[in-house]
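Have a look at coords10.cif; it's mmCIF, C-alpha atoms:
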data_structure
#
loop_
_atom_site.label_atom_id
_atom_site.label_comp_id
_atom_site.auth_asym_id
_atom_site.auth_seq_id
_atom_site.Cartn_x
_atom_site.Cartn_y
_atom_site.Cartn_z
CA MET A 13 110.11 -106.19 -3.46
CA ARG A 14 111.63 -102.83 -2.65
CA ILE A 15 110.53 -101.38 -5.95
CA ARG A 16 106.91 -102.31 -5.18
CA THR A 17 107.15 -100.68 -1.77
CA ILE A 18 108.33 -97.37 -3.31
CA ALA A 19 105.65 -97.52 -5.95
CA GLY A 20 103.04 -98.16 -3.34
CA TRP A 21 104.26 -95.25 -1.26
CA VAL A 22 104.06 -92.89 -4.20
CA MET A 23 100.53 -94.01 -4.94
CA VAL A 24 99.46 -93.58 -1.33
CA THR A 25 101.01 -90.14 -1.19
CA ALA A 26 99.23 -89.05 -4.41
CA MET A 27 95.91 -90.31 -3.13
CA THR A 28 96.45 -88.44 0.15
CA ILE A 29 97.15 -85.17 -1.66
CA THR A 30 94.12 -85.66 -3.88
CA ALA A 31 91.94 -86.35 -0.87
CA LEU A 32 93.24 -83.26 0.93
CA SER A 33 92.66 -81.11 -2.14
CA ALA A 34 89.13 -82.36 -2.43
CA LEU A 35 88.56 -81.75 1.28
CA GLY A 36 89.88 -78.16 0.91
CA GLN A 37 87.55 -77.48 -2.00
CA GLU A 38 84.57 -78.63 -0.06
CA GLU A 39 85.28 -76.60 3.12
CA GLY A 40 87.15 -73.36 1.93
CA PRO A 41 85.31 -70.01 0.85
CA ILE A 42 84.96 -69.09 -2.81
CA LEU A 43 86.26 -65.50 -3.40
CA LEU A 44 84.38 -63.40 -6.05
CA PRO A 45 85.84 -60.20 -7.70
CA LYS A 46 84.66 -56.87 -6.12
CA PRO A 47 82.26 -54.84 -8.29
CA LYS A 48 83.68 -51.58 -9.76
CA PRO A 49 82.16 -48.35 -8.28
CA VAL A 50 79.79 -46.50 -10.63
CA ALA A 51 81.10 -42.94 -11.36
CA LYS A 52 78.63 -40.18 -10.48
CA PRO A 53 78.08 -37.54 -13.20
CA ALA A 54 79.87 -34.25 -12.57
CA SER A 55 77.65 -31.39 -11.36
CA PRO A 56 77.36 -28.47 -13.79
CA THR A 57 79.24 -25.36 -12.67
CA LEU A 58 79.35 -21.77 -13.82
CA LEU A 59 82.67 -19.94 -13.95
CA VAL A 60 82.10 -16.18 -13.96
CA MET A 61 84.94 -13.82 -14.88
CA CYS A 62 85.01 -9.98 -14.74
CA ASP A 63 87.54 -7.76 -16.51
CA LEU A 64 86.98 -5.06 -13.87
CA ALA A 65 86.38 -5.47 -10.14
CA CYS A 66 82.67 -6.16 -9.79
CA ASN A 67 79.87 -7.34 -7.55
CA TRP A 68 77.79 -10.00 -9.18
CA LYS A 69 74.45 -11.76 -8.91
CA LEU A 70 73.21 -15.07 -10.22
CA ASP A 71 69.50 -15.25 -10.97
CA GLY A 72 68.89 -12.27 -8.70
CA GLU A 73 70.94 -13.61 -5.77
CA ALA A 74 74.02 -11.68 -4.67
CA LYS A 75 77.15 -13.80 -4.96
CA GLY A 76 79.86 -11.43 -3.79
CA ARG A 77 82.83 -9.66 -5.29
CA ILE A 78 85.20 -10.61 -8.09
CA GLU A 79 88.59 -8.95 -8.42
CA ALA A 80 89.56 -7.35 -11.71
CA GLY A 81 90.55 -10.18 -14.03
CA GLY A 82 89.46 -12.73 -11.44
CA SER A 83 86.71 -15.33 -11.41
CA ALA A 84 84.21 -17.14 -9.20
CA LYS A 85 82.76 -20.61 -9.55
CA VAL A 86 79.34 -21.81 -8.43
CA LYS A 87 77.28 -24.96 -8.90
CA VAL A 88 74.14 -24.54 -10.98
CA GLU A 89 71.33 -26.53 -12.52
CA LEU A 90 71.02 -27.16 -16.21
CA GLY A 91 69.14 -24.44 -18.06
CA GLN A 92 69.29 -20.67 -18.42
CA HIS A 93 70.86 -18.43 -15.79
CA MET A 94 71.06 -14.65 -15.61
CA VAL A 95 74.39 -13.21 -14.53
CA VAL A 96 74.51 -9.52 -13.58
CA ALA A 97 77.81 -7.77 -12.87
CA VAL A 98 78.09 -4.20 -11.56
CA THR A 99 81.24 -2.13 -11.07
CA GLU A 100 82.05 -1.21 -7.50
CA ASP A 101 81.00 2.40 -8.00
CA GLY A 102 77.66 1.20 -9.36
CA ALA A 103 78.04 3.25 -12.55
CA ASP A 104 78.29 0.41 -15.06
CA GLN A 105 76.39 -2.84 -15.38
CA VAL A 106 76.34 -5.84 -17.69
CA LYS A 107 73.61 -8.47 -17.84
CA GLN A 108 74.35 -11.75 -19.57
CA LEU A 109 72.02 -14.72 -20.06
CA SER A 110 73.93 -17.99 -20.04
CA GLU A 111 72.64 -21.39 -21.20
CA VAL A 112 74.04 -24.34 -19.23
CA LYS A 113 73.42 -27.34 -21.49
CA THR A 114 75.83 -29.97 -20.22
CA THR A 115 77.51 -31.07 -17.03
CA GLY A 116 80.92 -29.71 -16.38
CA GLN A 117 81.98 -26.09 -16.48
CA THR A 118 80.36 -23.25 -18.42
CA VAL A 119 82.35 -20.02 -18.65
CA VAL A 120 80.70 -16.59 -18.54
CA SER A 121 83.04 -13.71 -19.37
CA ILE A 122 81.72 -10.29 -18.29
CA GLU A 123 83.32 -7.30 -20.06
CA LEU A 124 82.58 -4.12 -18.12
CA LYS A 125 85.40 -1.99 -19.52
CA PRO A 126 83.81 -1.40 -22.97
CA VAL A 127 80.59 -0.36 -21.21
CA ARG A 128 82.51 2.00 -18.94
CA ASP A 129 84.54 3.44 -21.85
CA ALA A 130 81.36 4.06 -23.86
CA ARG A 131 79.70 5.78 -20.90
CA LEU A 132 82.73 7.96 -20.22
CA LYS A 133 82.89 8.90 -23.90
CA THR A 134 79.19 9.79 -23.92
CA ASP A 135 79.57 11.79 -20.72
CA GLN A 136 82.55 13.67 -22.15
CA GLU A 137 80.69 14.39 -25.38
CA ALA A 138 77.75 15.71 -23.36
CA ARG A 139 80.08 17.94 -21.33
CA ASP A 140 81.80 19.18 -24.48
CA LYS A 141 78.43 19.88 -26.11
CA ALA A 142 77.19 21.74 -23.04
CA ALA A 143 80.40 23.76 -22.89
CA GLN A 144 80.15 24.63 -26.59
CA GLU A 145 76.50 25.60 -26.22
CA ALA A 146 77.37 27.80 -23.26
CA LYS A 147 80.21 29.35 -25.26
CA ASP A 148 77.88 29.95 -28.22
CA ARG A 149 75.26 31.51 -25.96
CA ALA A 150 77.87 33.77 -24.39
CA ALA A 151 79.09 34.79 -27.85
CA GLN A 152 75.53 35.49 -29.01
CA GLU A 153 74.78 37.50 -25.90
CA GLN A 154 78.00 39.44 -26.37
CA ALA A 155 77.12 40.04 -30.03
CA VAL A 156 73.71 41.36 -28.96
CA ARG A 157 75.34 43.64 -26.39
CA ASP A 158 77.85 44.86 -28.96
CA GLU A 159 75.12 45.50 -31.53
CA THR A 160 72.99 47.27 -28.95
CA ALA A 161 75.93 49.44 -27.97
CA ARG A 162 76.66 50.15 -31.64
CA LEU A 163 73.09 51.17 -32.37
CA GLU A 164 72.97 53.32 -29.25
CA ASP A 165 76.19 55.02 -30.33
CA LEU A 166 74.83 55.57 -33.85
CA HIS A 167 71.59 56.99 -32.49
CA ASP A 168 73.22 59.13 -29.82
CA HIS A 169 75.71 60.69 -32.26
CA ALA A 170 73.61 60.70 -35.44
CA ALA A 171 72.89 64.45 -35.42
CA GLU A 172 76.49 65.26 -34.53
CA ARG A 173 77.84 63.13 -37.36
CA PHE A 174 75.39 64.69 -39.81
CA SER A 175 76.68 68.13 -38.93
CA GLN A 176 80.28 66.98 -39.34
CA GLY A 177 79.50 65.24 -42.63
CA LYS A 178 77.55 68.24 -43.98
CA ALA A 179 80.46 70.56 -43.21
CA LEU A 180 82.82 68.28 -45.11
CA TYR A 181 80.30 67.93 -47.96
CA ASP A 182 80.08 71.71 -48.32
CA GLN A 183 83.88 71.75 -48.55
CA LYS A 184 83.62 69.10 -51.31
CA ARG A 185 85.52 66.64 -49.10
CA PHE A 186 83.17 63.91 -50.20
CA ASP A 187 85.44 60.95 -49.26
CA GLU A 188 85.51 62.16 -45.67
CA ALA A 189 81.81 63.05 -45.57
CA ARG A 190 80.55 59.68 -46.80
CA PRO A 191 81.43 57.50 -43.71
CA LEU A 192 79.93 60.13 -41.44
CA PHE A 193 76.71 60.18 -43.46
CA GLU A 194 76.62 56.37 -43.42
CA LYS A 195 76.87 56.13 -39.64
CA SER A 196 74.46 59.00 -39.13
CA CYS A 197 71.94 57.41 -41.54
CA ASP A 198 72.25 54.07 -39.68
CA GLY A 199 71.59 55.97 -36.47
CA GLY A 200 68.26 57.25 -37.80
CA GLU A 201 69.25 60.69 -39.11
CA MET A 202 67.21 60.86 -42.33
CA ARG A 203 69.00 63.99 -43.57
CA SER A 204 72.19 61.92 -43.74
CA CYS A 205 70.39 59.22 -45.74
CA ALA A 206 69.25 61.82 -48.28
CA ASN A 207 72.74 63.35 -48.51
CA LEU A 208 74.33 59.94 -48.88
CA GLY A 209 71.93 59.31 -51.78
CA LEU A 210 73.17 62.52 -53.36
CA LEU A 211 76.75 61.26 -53.28
CA TYR A 212 75.74 58.16 -55.25
CA SER A 213 73.47 60.09 -57.62
CA HIS A 214 76.20 62.54 -58.59
CA GLY A 215 79.20 60.23 -58.18
CA GLN A 216 80.75 62.37 -55.48
CA GLY A 217 83.46 60.46 -53.69
CA VAL A 218 81.96 57.21 -55.04
CA SER A 219 81.13 55.77 -58.44
CA GLN A 220 77.83 57.10 -59.72
CA ASP A 221 75.20 54.51 -58.89
CA TYR A 222 71.49 55.40 -59.12
CA ALA A 223 70.50 51.91 -57.98
CA GLN A 224 72.45 52.54 -54.78
CA ALA A 225 70.93 56.01 -54.39
CA ARG A 226 67.30 54.88 -54.73
CA PRO A 227 66.95 52.91 -51.42
CA LEU A 228 68.70 55.75 -49.57
CA TYR A 229 66.21 58.29 -50.93
CA GLN A 230 63.36 55.88 -50.16
CA LYS A 231 64.54 55.45 -46.56
CA ALA A 232 64.84 59.21 -46.10
CA CYS A 233 61.40 59.81 -47.63
CA ASN A 234 59.78 57.12 -45.48
CA GLY A 235 61.48 58.68 -42.45
CA GLY A 236 59.95 62.09 -43.12
CA GLU A 237 62.86 63.76 -44.90
CA MET A 238 61.12 65.56 -47.79
CA ALA A 239 64.38 66.14 -49.67
CA GLY A 240 64.58 62.35 -50.02
CA CYS A 241 61.05 62.27 -51.51
CA ASN A 242 61.98 65.01 -53.99
CA ASN A 243 65.18 63.23 -55.06
CA LEU A 244 63.40 59.90 -55.40
CA GLY A 245 60.77 61.58 -57.58
CA TRP A 246 63.59 62.91 -59.74
CA LEU A 247 64.86 59.32 -60.29
CA TYR A 248 61.39 58.16 -61.40
CA ALA A 249 60.83 61.19 -63.61
CA ASN A 250 64.08 60.53 -65.48
CA GLY A 251 64.26 56.72 -65.23
CA TYR A 252 67.54 56.77 -63.34
CA GLY A 253 68.08 53.39 -61.66
CA VAL A 254 64.35 52.65 -62.02
CA ALA A 255 61.82 52.34 -64.79
CA LYS A 256 60.56 55.80 -65.80
CA ASP A 257 57.26 56.35 -64.00
CA TYR A 258 55.69 59.82 -64.14
CA ALA A 259 52.79 58.85 -61.90
CA GLN A 260 55.20 57.77 -59.19
CA ALA A 261 57.32 60.87 -59.72
CA ARG A 262 54.26 63.11 -59.47
CA SER A 263 53.18 61.48 -56.20
CA LEU A 264 56.64 61.93 -54.70
CA TYR A 265 56.97 65.52 -55.89
CA GLN A 266 53.56 66.32 -54.44
CA LYS A 267 54.56 64.88 -51.08
CA ALA A 268 57.81 66.86 -51.08
CA CYS A 269 56.05 70.03 -52.21
CA ASN A 270 53.52 69.70 -49.40
CA GLY A 271 56.48 69.24 -47.07
CA GLY A 272 57.94 72.59 -48.01
CA ILE A 273 60.45 71.67 -50.74
CA GLU A 274 60.02 74.44 -53.33
CA GLN A 275 62.08 72.56 -55.93
CA ALA A 276 59.58 69.71 -55.69
CA CYS A 277 56.74 72.14 -56.37
CA THR A 278 58.55 73.40 -59.48
CA SER A 279 59.25 69.84 -60.66
CA LEU A 280 55.60 68.93 -60.11
CA HIS A 281 54.50 71.89 -62.20
CA ASN A 282 56.85 70.92 -65.03
CA LEU A 283 55.37 67.38 -65.18
CA ARG A 284 51.89 68.77 -66.03
#
As structure tokens, please, write out the structure in this file.
Amino acid sequence: MRIRTIAGWVMVTAMTITALSALGQEEGPILLPKPKPVAKPASPTLLVMCDLACNWKLDGEAKGRIEAGGSAKVKVELGQHMVVAVTEDGADQVKQLSEVKTTGQTVVSIELKPVRDARLKTDQEARDKAAQEAKDRAAQEQAVRDETARLEDLHDHAAERFSQGKALYDQKRFDEARPLFEKSCDGGEMRSCANLGLLYSHGQGVSQDYAQARPLYQKACNGGEMAGCNNLGWLYANGYGVAKDYAQARSLYQKACNGGIEQACTSLHNLR
């Protein structure tokens, strides 16, 4: 009898628990899992870096200053963007077109130092060129002044040097006479040109050289020194330093004869 009572109690208890469980299921809330938040896509950004301190613009809009070696970040839209960086003194500028193709960060590195170095090099080369040109002009002007002074000296002392050279020539001091005749001839003294030609014709103080004598006689003759015409005619009559040409010799002798050189008149007569 007692065993039945215990068994009945267990059954009643189990039924009670089952009933309570069923009652709880009917009246209690059903909890659902919370939905996971959807991640928003990251906005594209532009990171701009300058190797020198610069002021920069993005698509024409001023964005401020970046320290040397520093950077600045700004949100942008996808697509192309123009970044312009200028050094603080405004002397150097770099423009760089950047293509932002994806979300996230796009880096733009602006190198102003190579631009500055190239400009400074060009500026220095221009200064060096200008300085050299100025130096060359000064040297040319000085050369002109020196040449002018030399010619003035030759002209101013031509007659004096001829007299000195002629005195030495008469003393047969040909080595000393020659430089005086040269300077006097360069100064426009045609008598010195003719006498200098004589030195080369006769090998006096120099090696005999008719080819060297001819232009000196020609210069003297052209300058109105009739002795030069006579001596040049003598070269043509004898074929010394030139091809023998009696017609040319006759013309030169005639000119010298008309100019009062008696020797030329005699030479002209002998050609006939």
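Relative to atom CA of A:Leu132, atom CA of A:Lys75 is found at 27.2 Å.
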Point-to-point distance in Å for atom CA of A:Gln144 and atom CA of A:Gly102: 29.2 Å
Point-to-point distance from atom CA of A:Gly209 to atom CA of A:Gln224, Å rounded to tenths: 7.4 Å
Neighbour residues at most 12 Å from (73.9, 52.7, -39.9) (only C-alpha atoms) as a list in words: Glu159, Arg162, Leu163, Glu164, Asp165, Leu166, His167, Asp168, His169, Ala170, Arg173, Arg190, Pro191, Leu192, Phe193, Glu194, Lys195, Ser196, Cys197, Asp198, Gly199, Gly200, Glu201, Met202, Ser204, Cys205, Leu208, Leu228 and Lys231 of chain A
Nearest candidate to A:Ala179 (options A:Ala65, A:Ala225, A:Asn207, A:Asn270; using all atoms listed in the file):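 Distance minimum relative to A:Ala179 lands on A:Asn207.
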Selection result for the PyMOL selection byres ((chain A and resi 56) around 10) on this file, as a ChimeraX atom specification: /A:53-55,57-58,86-90,112-118
Residue among A:Ser279, A:Ser219, A:Ser121, A:Asn250 lying closest to A:Val106, counting only C-alpha atoms: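 Ranking A:Ser279, A:Ser219, A:Ser121, A:Asn250 by distance to A:Val106, first place goes to A:Ser121.
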Expected selection from the PyMOL selection byres ((chain A and resi 110) around 9), given as number ranges by chain: A: 91-95, 108-109, 111-112, 118-120
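Among the candidate residues A:Leu244, A:Ala151, A:Ala103, A:Val96, the one lying nearest to A:Asp257 is A:Leu244, with distances computed using all atoms listed in the file.
Distances to A:His214 were evaluated for A:Pro227, A:Gly240, A:Glu137, A:Phe186 using only C-alpha atoms, and the minimum falls at A:Phe186.
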Determine the residue set returned by the PyMOL selection byres ((chain A and resi 268) around 9) for the present structure, and present it as a PDB file with C-alpha atoms, in the frame of the given file.
ATOM      1  CA  CYS A 233      61.400  59.810 -47.630  1.00  0.00           C
ATOM      2  CA  GLU A 237      62.860  63.760 -44.900  1.00  0.00           C
ATOM      3  CA  MET A 238      61.120  65.560 -47.790  1.00  0.00           C
ATOM      4  CA  ALA A 239      64.380  66.140 -49.670  1.00  0.00           C
ATOM      5  CA  GLY A 240      64.580  62.350 -50.020  1.00  0.00           C
ATOM      6  CA  CYS A 241      61.050  62.270 -51.510  1.00  0.00           C
ATOM      7  CA  ASN A 242      61.980  65.010 -53.990  1.00  0.00           C
ATOM      8  CA  GLY A 245      60.770  61.580 -57.580  1.00  0.00           C
ATOM      9  CA  SER A 263      53.180  61.480 -56.200  1.00  0.00           C
ATOM     10  CA  LEU A 264      56.640  61.930 -54.700  1.00  0.00           C
ATOM     11  CA  TYR A 265      56.970  65.520 -55.890  1.00  0.00           C
ATOM     12  CA  GLN A 266      53.560  66.320 -54.440  1.00  0.00           C
ATOM     13  CA  LYS A 267      54.560  64.880 -51.080  1.00  0.00           C
ATOM     14  CA  CYS A 269      56.050  70.030 -52.210  1.00  0.00           C
ATOM     15  CA  ASN A 270      53.520  69.700 -49.400  1.00  0.00           C
ATOM     16  CA  GLY A 271      56.480  69.240 -47.070  1.00  0.00           C
ATOM     17  CA  GLY A 272      57.940  72.590 -48.010  1.00  0.00           C
ATOM     18  CA  ILE A 273      60.450  71.670 -50.740  1.00  0.00           C
ATOM     19  CA  GLU A 274      60.020  74.440 -53.330  1.00  0.00           C
ATOM     20  CA  GLN A 275      62.080  72.560 -55.930  1.00  0.00           C
ATOM     21  CA  ALA A 276      59.580  69.710 -55.690  1.00  0.00           C
ATOM     22  CA  CYS A 277      56.740  72.140 -56.370  1.00  0.00           C
TER      23      CYS A 277
END
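Shortest separation to A:Val98 among A:Ile122, A:Leu180, A:Val60, A:Ala84 occurs at residue A:Ile122, atoms counted being all atoms listed in the file.
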